[in-house]
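What follows is my_file-v7.pdb (PDB, N, CA and C atoms).
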```pdb
ATOM      1  N   MET W   1      90.430 131.268  73.844
ATOM      2  CA  MET W   1      89.600 130.795  72.752
ATOM      3  C   MET W   1      90.271 129.635  72.016
ATOM      4  N   ASN W   2      91.605 129.664  71.904
ATOM      5  CA  ASN W   2      92.312 128.595  71.208
ATOM      6  C   ASN W   2      92.128 127.249  71.900
ATOM      7  N   VAL W   3      92.003 127.269  73.213
ATOM      8  CA  VAL W   3      91.808 126.028  73.965
ATOM      9  C   VAL W   3      90.478 125.399  73.581
ATOM     10  N   TRP W   4      89.432 126.214  73.459
ATOM     11  CA  TRP W   4      88.118 125.680  73.102
ATOM     12  C   TRP W   4      88.099 125.159  71.677
ATOM     13  N   ILE W   5      88.834 125.780  70.802
ATOM     14  CA  ILE W   5      88.943 125.274  69.429
ATOM     15  C   ILE W   5      89.641 123.918  69.438
ATOM     16  N   ALA W   6      90.703 123.803  70.210
ATOM     17  CA  ALA W   6      91.417 122.527  70.312
ATOM     18  C   ALA W   6      90.519 121.451  70.918
ATOM     19  N   ILE W   7      89.743 121.804  71.935
ATOM     20  CA  ILE W   7      88.821 120.834  72.542
ATOM     21  C   ILE W   7      87.764 120.397  71.534
ATOM     22  N   GLY W   8      87.227 121.336  70.789
ATOM     23  CA  GLY W   8      86.224 121.014  69.774
ATOM     24  C   GLY W   8      86.780 120.117  68.686
ATOM     25  N   LEU W   9      87.979 120.424  68.202
ATOM     26  CA  LEU W   9      88.600 119.601  67.166
ATOM     27  C   LEU W   9      88.926 118.202  67.681
ATOM     28  N   THR W  10      89.384 118.124  68.903
ATOM     29  CA  THR W  10      89.674 116.820  69.504
ATOM     30  C   THR W  10      88.403 116.000  69.651
ATOM     31  N   THR W  11      87.329 116.633  70.090
ATOM     32  CA  THR W  11      86.044 115.943  70.226
ATOM     33  C   THR W  11      85.564 115.425  68.880
ATOM     34  N   ALA W  12      85.622 116.265  67.859
ATOM     35  CA  ALA W  12      85.200 115.839  66.529
ATOM     36  C   ALA W  12      86.084 114.708  66.003
ATOM     37  N   GLY W  13      87.390 114.797  66.241
ATOM     38  CA  GLY W  13      88.296 113.739  65.794
ATOM     39  C   GLY W  13      88.018 112.421  66.484
ATOM     40  N   CYS W  14      87.765 112.461  67.782
ATOM     41  CA  CYS W  14      87.440 111.220  68.516
ATOM     42  C   CYS W  14      86.148 110.614  67.998
ATOM     43  N   TYR W  15      85.161 111.435  67.738
ATOM     44  CA  TYR W  15      83.896 110.935  67.214
ATOM     45  C   TYR W  15      84.097 110.291  65.844
ATOM     46  N   LEU W  16      84.880 110.925  64.988
ATOM     47  CA  LEU W  16      85.118 110.373  63.655
ATOM     48  C   LEU W  16      85.887 109.052  63.718
ATOM     49  N   VAL W  17      86.852 108.950  64.611
ATOM     50  CA  VAL W  17      87.596 107.696  64.760
ATOM     51  C   VAL W  17      86.664 106.593  65.239
ATOM     52  N   LYS W  18      85.793 106.908  66.174
ATOM     53  CA  LYS W  18      84.827 105.920  66.664
ATOM     54  C   LYS W  18      83.872 105.519  65.545
ATOM     55  N   LEU W  19      83.425 106.473  64.757
ATOM     56  CA  LEU W  19      82.539 106.177  63.633
ATOM     57  C   LEU W  19      83.232 105.289  62.609
ATOM     58  N   LEU W  20      84.494 105.565  62.323
ATOM     59  CA  LEU W  20      85.248 104.719  61.397
ATOM     60  C   LEU W  20      85.372 103.291  61.922
ATOM     61  N   GLY W  21      85.533 103.148  63.226
ATOM     62  CA  GLY W  21      85.607 101.825  63.823
ATOM     63  C   GLY W  21      84.319 101.050  63.659
ATOM     64  N   LEU W  22      83.195 101.741  63.713
ATOM     65  CA  LEU W  22      81.905 101.075  63.533
ATOM     66  C   LEU W  22      81.657 100.687  62.073
ATOM     67  N   LEU W  23      82.318 101.348  61.152
ATOM     68  CA  LEU W  23      82.115 101.074  59.739
ATOM     69  C   LEU W  23      82.995  99.948  59.203
ATOM     70  N   VAL W  24      83.933  99.450  60.016
ATOM     71  CA  VAL W  24      84.802  98.354  59.581
ATOM     72  C   VAL W  24      83.970  97.074  59.496
ATOM     73  N   PRO W  25      84.053  96.350  58.372
ATOM     74  CA  PRO W  25      83.274  95.117  58.237
ATOM     75  C   PRO W  25      83.662  94.073  59.289
ATOM     76  N   ALA W  26      82.676  93.294  59.732
ATOM     77  CA  ALA W  26      82.914  92.292  60.776
ATOM     78  C   ALA W  26      83.928  91.250  60.328
ATOM     79  N   GLY W  27      83.945  90.905  59.057
ATOM     80  CA  GLY W  27      84.898  89.926  58.551
ATOM     81  C   GLY W  27      86.338  90.361  58.731
ATOM     82  N   THR W  28      86.581  91.651  58.617
ATOM     83  CA  THR W  28      87.928  92.177  58.801
ATOM     84  C   THR W  28      88.376  92.014  60.251
ATOM     85  N   LEU W  29      87.452  92.230  61.178
ATOM     86  CA  LEU W  29      87.798  92.143  62.594
ATOM     87  C   LEU W  29      88.018  90.712  63.064
ATOM     88  N   GLU W  30      87.545  89.737  62.301
ATOM     89  CA  GLU W  30      87.685  88.338  62.690
ATOM     90  C   GLU W  30      88.985  87.707  62.194
ATOM     91  N   ARG W  31      89.759  88.421  61.412
ATOM     92  CA  ARG W  31      91.036  87.885  60.926
ATOM     93  C   ARG W  31      92.008  87.728  62.085
ATOM     94  N   PRO W  32      92.786  86.634  62.089
ATOM     95  CA  PRO W  32      93.726  86.405  63.202
ATOM     96  C   PRO W  32      94.754  87.518  63.360
ATOM     97  N   LEU W  33      95.255  88.057  62.263
ATOM     98  CA  LEU W  33      96.250  89.127  62.352
ATOM     99  C   LEU W  33      95.662  90.366  63.023
ATOM    100  N   VAL W  34      94.454  90.720  62.651
ATOM    101  CA  VAL W  34      93.806  91.896  63.240
ATOM    102  C   VAL W  34      93.551  91.668  64.724
ATOM    103  N   GLN W  35      93.114  90.479  65.101
ATOM    104  CA  GLN W  35      92.871  90.181  66.510
ATOM    105  C   GLN W  35      94.167  90.232  67.312
ATOM    106  N   ARG W  36      95.245  89.708  66.726
ATOM    107  CA  ARG W  36      96.534  89.731  67.427
ATOM    108  C   ARG W  36      97.038  91.169  67.590
ATOM    109  N   LEU W  37      96.916  91.966  66.543
ATOM    110  CA  LEU W  37      97.333  93.365  66.640
ATOM    111  C   LEU W  37      96.492  94.119  67.661
ATOM    112  N   ALA W  38      95.192  93.843  67.694
ATOM    113  CA  ALA W  38      94.320  94.517  68.658
ATOM    114  C   ALA W  38      94.676  94.136  70.085
ATOM    115  N   ALA W  39      95.171  92.925  70.275
ATOM    116  CA  ALA W  39      95.560  92.496  71.618
ATOM    117  C   ALA W  39      96.912  93.078  72.031
ATOM    118  N   LEU W  40      97.832  93.235  71.082
ATOM    119  CA  LEU W  40      99.186  93.668  71.417
ATOM    120  C   LEU W  40      99.385  95.185  71.354
ATOM    121  N   LEU W  41      98.584  95.884  70.589
ATOM    122  CA  LEU W  41      98.773  97.321  70.414
ATOM    123  C   LEU W  41      98.653  98.112  71.722
ATOM    124  N   PRO W  42      97.654  97.865  72.565
ATOM    125  CA  PRO W  42      97.608  98.627  73.822
ATOM    126  C   PRO W  42      98.832  98.402  74.708
ATOM    127  N   VAL W  43      99.352  97.175  74.726
ATOM    128  CA  VAL W  43     100.537  96.887  75.530
ATOM    129  C   VAL W  43     101.734  97.676  75.000
ATOM    130  N   ALA W  44     101.901  97.700  73.689
ATOM    131  CA  ALA W  44     103.015  98.436  73.091
ATOM    132  C   ALA W  44     102.893  99.940  73.345
ATOM    133  N   LEU W  45     101.697 100.467  73.223
ATOM    134  CA  LEU W  45     101.506 101.899  73.470
ATOM    135  C   LEU W  45     101.758 102.250  74.931
ATOM    136  N   LEU W  46     101.300 101.407  75.844
ATOM    137  CA  LEU W  46     101.543 101.665  77.255
ATOM    138  C   LEU W  46     103.029 101.573  77.586
ATOM    139  N   ALA W  47     103.725 100.611  76.998
ATOM    140  CA  ALA W  47     105.167 100.488  77.229
ATOM    141  C   ALA W  47     105.909 101.713  76.695
ATOM    142  N   ALA W  48     105.516 102.189  75.519
ATOM    143  CA  ALA W  48     106.158 103.377  74.949
ATOM    144  C   ALA W  48     105.894 104.613  75.800
ATOM    145  N   LEU W  49     104.669 104.757  76.283
ATOM    146  CA  LEU W  49     104.337 105.890  77.141
ATOM    147  C   LEU W  49     105.117 105.831  78.447
ATOM    148  N   THR W  50     105.211 104.642  79.033
ATOM    149  CA  THR W  50     105.965 104.479  80.271
ATOM    150  C   THR W  50     107.437 104.824  80.063
ATOM    151  N   ALA W  51     108.024 104.333  78.980
ATOM    152  CA  ALA W  51     109.433 104.625  78.696
ATOM    153  C   ALA W  51     109.655 106.117  78.476
ATOM    154  N   GLN W  52     108.751 106.746  77.745
ATOM    155  CA  GLN W  52     108.901 108.177  77.468
ATOM    156  C   GLN W  52     108.781 108.989  78.746
ATOM    157  N   GLN W  53     107.827 108.642  79.604
ATOM    158  CA  GLN W  53     107.628 109.386  80.840
ATOM    159  C   GLN W  53     108.738 109.115  81.864
ATOM    160  N   THR W  54     109.359 107.941  81.776
ATOM    161  CA  THR W  54     110.386 107.576  82.745
ATOM    162  C   THR W  54     111.766 108.096  82.363
ATOM    163  N   PHE W  55     112.119 107.987  81.117
ATOM    164  CA  PHE W  55     113.495 108.248  80.703
ATOM    165  C   PHE W  55     113.697 109.541  79.927
ATOM    166  N   ALA W  56     112.686 110.393  79.803
ATOM    167  CA  ALA W  56     112.836 111.625  79.035
ATOM    168  C   ALA W  56     112.489 112.829  79.899
ATOM    169  N   ALA W  57     113.285 113.845  79.751
ATOM    170  CA  ALA W  57     113.006 115.145  80.375
ATOM    171  C   ALA W  57     113.347 116.200  79.337
ATOM    172  N   GLY W  58     112.342 116.846  78.824
ATOM    173  CA  GLY W  58     112.564 117.758  77.708
ATOM    174  C   GLY W  58     112.933 116.941  76.488
ATOM    175  N   GLY W  59     114.084 117.179  75.937
ATOM    176  CA  GLY W  59     114.545 116.403  74.795
ATOM    177  C   GLY W  59     115.706 115.497  75.132
ATOM    178  N   ALA W  60     115.996 115.348  76.421
ATOM    179  CA  ALA W  60     117.182 114.597  76.827
ATOM    180  C   ALA W  60     116.810 113.294  77.520
ATOM    181  N   LEU W  61     117.731 112.343  77.445
ATOM    182  CA  LEU W  61     117.594 111.073  78.144
ATOM    183  C   LEU W  61     118.101 111.247  79.570
ATOM    184  N   VAL W  62     117.299 110.823  80.552
ATOM    185  CA  VAL W  62     117.699 110.949  81.949
ATOM    186  C   VAL W  62     117.526 109.612  82.660
ATOM    187  N   LEU W  63     118.442 109.349  83.565
ATOM    188  CA  LEU W  63     118.325 108.186  84.448
ATOM    189  C   LEU W  63     118.297 108.718  85.866
ATOM    190  N   ASP W  64     117.133 108.660  86.497
ATOM    191  CA  ASP W  64     116.991 109.176  87.844
ATOM    192  C   ASP W  64     116.205 108.176  88.692
ATOM    193  N   ALA W  65     115.561 108.656  89.713
ATOM    194  CA  ALA W  65     114.835 107.792  90.643
ATOM    195  C   ALA W  65     113.713 107.020  89.951
ATOM    196  N   ARG W  66     113.125 107.594  88.919
ATOM    197  CA  ARG W  66     112.053 106.893  88.204
ATOM    198  C   ARG W  66     112.559 105.618  87.560
ATOM    199  N   ALA W  67     113.775 105.641  87.038
ATOM    200  CA  ALA W  67     114.356 104.440  86.430
ATOM    201  C   ALA W  67     114.564 103.354  87.480
ATOM    202  N   ALA W  68     114.974 103.744  88.683
ATOM    203  CA  ALA W  68     115.135 102.769  89.758
ATOM    204  C   ALA W  68     113.788 102.167  90.134
ATOM    205  N   GLY W  69     112.745 102.973  90.150
ATOM    206  CA  GLY W  69     111.408 102.477  90.443
ATOM    207  C   GLY W  69     110.913 101.494  89.402
ATOM    208  N   ILE W  70     111.181 101.785  88.134
ATOM    209  CA  ILE W  70     110.801 100.868  87.053
ATOM    210  C   ILE W  70     111.582  99.561  87.180
ATOM    211  N   ALA W  71     112.846  99.647  87.535
ATOM    212  CA  ALA W  71     113.653  98.433  87.727
ATOM    213  C   ALA W  71     113.102  97.586  88.872
ATOM    214  N   ALA W  72     112.701  98.233  89.958
ATOM    215  CA  ALA W  72     112.120  97.501  91.086
ATOM    216  C   ALA W  72     110.809  96.836  90.681
ATOM    217  N   ALA W  73     109.998  97.534  89.908
ATOM    218  CA  ALA W  73     108.748  96.949  89.429
ATOM    219  C   ALA W  73     109.022  95.767  88.513
ATOM    220  N   ALA W  74     110.040  95.874  87.676
ATOM    221  CA  ALA W  74     110.390  94.768  86.777
ATOM    222  C   ALA W  74     110.823  93.535  87.572
ATOM    223  N   VAL W  75     111.612  93.755  88.616
ATOM    224  CA  VAL W  75     112.038  92.629  89.458
ATOM    225  C   VAL W  75     110.826  91.998  90.133
ATOM    226  N   ALA W  76     109.922  92.823  90.631
ATOM    227  CA  ALA W  76     108.713  92.296  91.270
ATOM    228  C   ALA W  76     107.861  91.509  90.278
ATOM    229  N   LEU W  77     107.816  91.962  89.042
ATOM    230  CA  LEU W  77     107.068  91.233  88.012
ATOM    231  C   LEU W  77     107.734  89.902  87.684
ATOM    232  N   ILE W  78     109.060  89.893  87.666
ATOM    233  CA  ILE W  78     109.789  88.659  87.361
ATOM    234  C   ILE W  78     109.513  87.587  88.405
ATOM    235  N   VAL W  79     109.406  87.995  89.675
ATOM    236  CA  VAL W  79     109.120  87.027  90.736
ATOM    237  C   VAL W  79     107.614  86.801  90.907
ATOM    238  N   ARG W  80     106.838  87.327  89.966
ATOM    239  CA  ARG W  80     105.385  87.137  89.913
ATOM    240  C   ARG W  80     104.665  87.654  91.165
ATOM    241  N   ALA W  81     105.043  88.822  91.594
ATOM    242  CA  ALA W  81     104.378  89.457  92.733
ATOM    243  C   ALA W  81     103.009  89.980  92.302
ATOM    244  N   PRO W  82     102.077  90.104  93.230
ATOM    245  CA  PRO W  82     100.774  90.698  92.906
ATOM    246  C   PRO W  82     100.931  92.149  92.450
ATOM    247  N   PHE W  83      99.939  92.633  91.735
ATOM    248  CA  PHE W  83     100.014  93.970  91.141
ATOM    249  C   PHE W  83     100.272  95.051  92.187
ATOM    250  N   LEU W  84      99.569  95.002  93.303
ATOM    251  CA  LEU W  84      99.771  96.032  94.326
ATOM    252  C   LEU W  84     101.178  96.000  94.899
ATOM    253  N   VAL W  85     101.766  94.834  94.996
ATOM    254  CA  VAL W  85     103.150  94.727  95.466
ATOM    255  C   VAL W  85     104.099  95.340  94.441
ATOM    256  N   VAL W  86     103.824  95.111  93.154
ATOM    257  CA  VAL W  86     104.645  95.697  92.082
ATOM    258  C   VAL W  86     104.603  97.218  92.168
ATOM    259  N   VAL W  87     103.407  97.762  92.273
ATOM    260  CA  VAL W  87     103.265  99.220  92.363
ATOM    261  C   VAL W  87     103.913  99.739  93.642
ATOM    262  N   GLY W  88     103.691  99.055  94.758
ATOM    263  CA  GLY W  88     104.288  99.467  96.026
ATOM    264  C   GLY W  88     105.805  99.455  95.984
ATOM    265  N   ALA W  89     106.378  98.419  95.360
ATOM    266  CA  ALA W  89     107.836  98.347  95.244
ATOM    267  C   ALA W  89     108.369  99.521  94.429
ATOM    268  N   ALA W  90     107.699  99.830  93.345
ATOM    269  CA  ALA W  90     108.134 100.956  92.513
ATOM    270  C   ALA W  90     108.062 102.267  93.286
ATOM    271  N   VAL W  91     106.990 102.453  94.023
ATOM    272  CA  VAL W  91     106.822 103.697  94.785
ATOM    273  C   VAL W  91     107.870 103.813  95.879
ATOM    274  N   VAL W  92     108.063 102.736  96.627
ATOM    275  CA  VAL W  92     109.015 102.769  97.746
ATOM    276  C   VAL W  92     110.435 102.999  97.248
ATOM    277  N   VAL W  93     110.826 102.300  96.202
ATOM    278  CA  VAL W  93     112.199 102.459  95.678
ATOM    279  C   VAL W  93     112.395 103.867  95.105
ATOM    280  N   THR W  94     111.423 104.360  94.360
ATOM    281  CA  THR W  94     111.535 105.702  93.800
ATOM    282  C   THR W  94     111.654 106.734  94.916
ATOM    283  N   ALA W  95     110.795 106.620  95.926
ATOM    284  CA  ALA W  95     110.851 107.566  97.049
ATOM    285  C   ALA W  95     112.174 107.442  97.797
ATOM    286  N   GLY W  96     112.650 106.218  97.991
ATOM    287  CA  GLY W  96     113.920 106.018  98.685
ATOM    288  C   GLY W  96     115.084 106.633  97.951
ATOM    289  N   VAL W  97     115.138 106.424  96.642
ATOM    290  CA  VAL W  97     116.238 106.995  95.845
ATOM    291  C   VAL W  97     116.170 108.512  95.857
ATOM    292  N   ARG W  98     114.954 109.066  95.779
ATOM    293  CA  ARG W  98     114.823 110.518  95.825
ATOM    294  C   ARG W  98     115.237 111.060  97.193
ATOM    295  N   ALA W  99     114.897 110.338  98.262
ATOM    296  CA  ALA W  99     115.270 110.798  99.606
ATOM    297  C   ALA W  99     116.780 110.753  99.812
ATOM    298  N   ILE W 100     117.415 109.728  99.295
ATOM    299  CA  ILE W 100     118.871 109.589  99.441
ATOM    300  C   ILE W 100     119.610 110.594  98.553
ATOM    301  N   GLY W 101     119.100 110.737  97.312
ATOM    302  CA  GLY W 101     119.778 111.585  96.339
ATOM    303  C   GLY W 101     119.474 113.053  96.468
ATOM    304  N   GLY W 102     118.544 113.415  97.270
ATOM    305  CA  GLY W 102     118.247 114.830  97.448
ATOM    306  C   GLY W 102     117.011 115.187  96.776
TER     307      GLY W 102
END
```

Could you express the structure from this file as structure tokens?
Amino acid sequence: MNVWIAIGLTTAGCYLVKLLGLLVPAGTLERPLVQRLAALLPVALLAALTAQQTFAAGGALVLDARAAGIAAAAVALIVRAPFLVVVGAAVVVTAGVRAIGG
């Protein structure tokens, strides 16, 4: 039953956040600072999520095969590789490190 309560509360919260977004005046959304924040916020959140999922296990900092995969993806991005190559490099390096390391 607690799961359904959590789902209901989450649904109501998402609806209220969406409603609040619709109530923001158009003039506020046209400000350069707001537009810049709206463009950069998803990138920052995705970077934080990636870092948390890559370098954390429980409450501890870990450096394992996932970190090697992220490093390979970063190198591929630096050389301006296509997106699929970036993802493929990360997957191959992560799998390789896991296979070598056990």

Once the PyMOL selection byres ((chain W and resi 67-75) around 5) has been evaluated on this model, what residues remain selected, and can you format them as a compact mmCIF listing (two decimals) with N, CA and C atoms, in the frame of the given file?
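As a result, part_24.txt now contains:
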```
# COMPACT_ATOMS: atom_id res chain seq x y z
N ASP W 64 117.13 108.66 86.50
CA ASP W 64 116.99 109.18 87.84
C ASP W 64 116.20 108.18 88.69
N ALA W 65 115.56 108.66 89.71
CA ALA W 65 114.84 107.79 90.64
C ALA W 65 113.71 107.02 89.95
N ARG W 66 113.12 107.59 88.92
CA ARG W 66 112.05 106.89 88.20
C ARG W 66 112.56 105.62 87.56
N ALA W 76 109.92 92.82 90.63
CA ALA W 76 108.71 92.30 91.27
C ALA W 76 107.86 91.51 90.28
N LEU W 77 107.82 91.96 89.04
CA LEU W 77 107.07 91.23 88.01
C LEU W 77 107.73 89.90 87.68
N ILE W 78 109.06 89.89 87.67
CA ILE W 78 109.79 88.66 87.36
C ILE W 78 109.51 87.59 88.40
N VAL W 79 109.41 88.00 89.68
CA VAL W 79 109.12 87.03 90.74
C VAL W 79 107.61 86.80 90.91
N VAL W 86 103.82 95.11 93.15
CA VAL W 86 104.64 95.70 92.08
C VAL W 86 104.60 97.22 92.17
N ALA W 90 107.70 99.83 93.34
CA ALA W 90 108.13 100.96 92.51
C ALA W 90 108.06 102.27 93.29
N VAL W 93 110.83 102.30 96.20
CA VAL W 93 112.20 102.46 95.68
C VAL W 93 112.40 103.87 95.10
N THR W 94 111.42 104.36 94.36
CA THR W 94 111.54 105.70 93.80
C THR W 94 111.65 106.73 94.92
```

Can you tell me, as JSON, numbers by chain, which residues in chain W count as helix (DSSP H, G or I) by DSSP? {"W": [2, 3, 4, 5, 6, 7, 8, 9, 10, 11, 12, 13, 14, 15, 16, 17, 18, 19, 20, 21, 22, 23, 26, 27, 28, 29, 32, 33, 34, 35, 36, 37, 38, 39, 40, 41, 42, 43, 44, 45, 46, 47, 48, 49, 50, 51, 52, 53, 54, 55, 65, 66, 67, 68, 69, 70, 71, 72, 73, 74, 75, 76, 77, 78, 83, 84, 85, 86, 87, 88, 89, 90, 91, 92, 93, 94, 95, 96, 97, 98, 99, 100, 101]}

What parts of region 31-99 of chain W does DSSP call strand (DSSP E or B)? I'd like the answer as a list of chain:residue names. W:Ala56, W:Ala57, W:Ala60, W:Leu61

Record the distance separating atom C of Leu63 (chain W) and atom C of Arg80 (chain W), expressed in Å with one decimal. 25.6 Å

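Atom to atom, atom C of Thr50 (chain W) and CA of Val62 (chain W) stand 12.1 Å apart.
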
note - atom C of Val43 (chain W) and atom C of Ala57 (chain W) are separated by 22.3 Å

As lines of an AutoDock Vina configuration file, what would the box around region 62-78 of chain W look like: edges along x, y and z, 4 Å added on every side, centre and edge lengths in Å to one decimal?
```
center_x = 112.8
center_y = 99.3
center_z = 85.9
size_x = 19.4
size_y = 31.4
size_z = 18.7
```
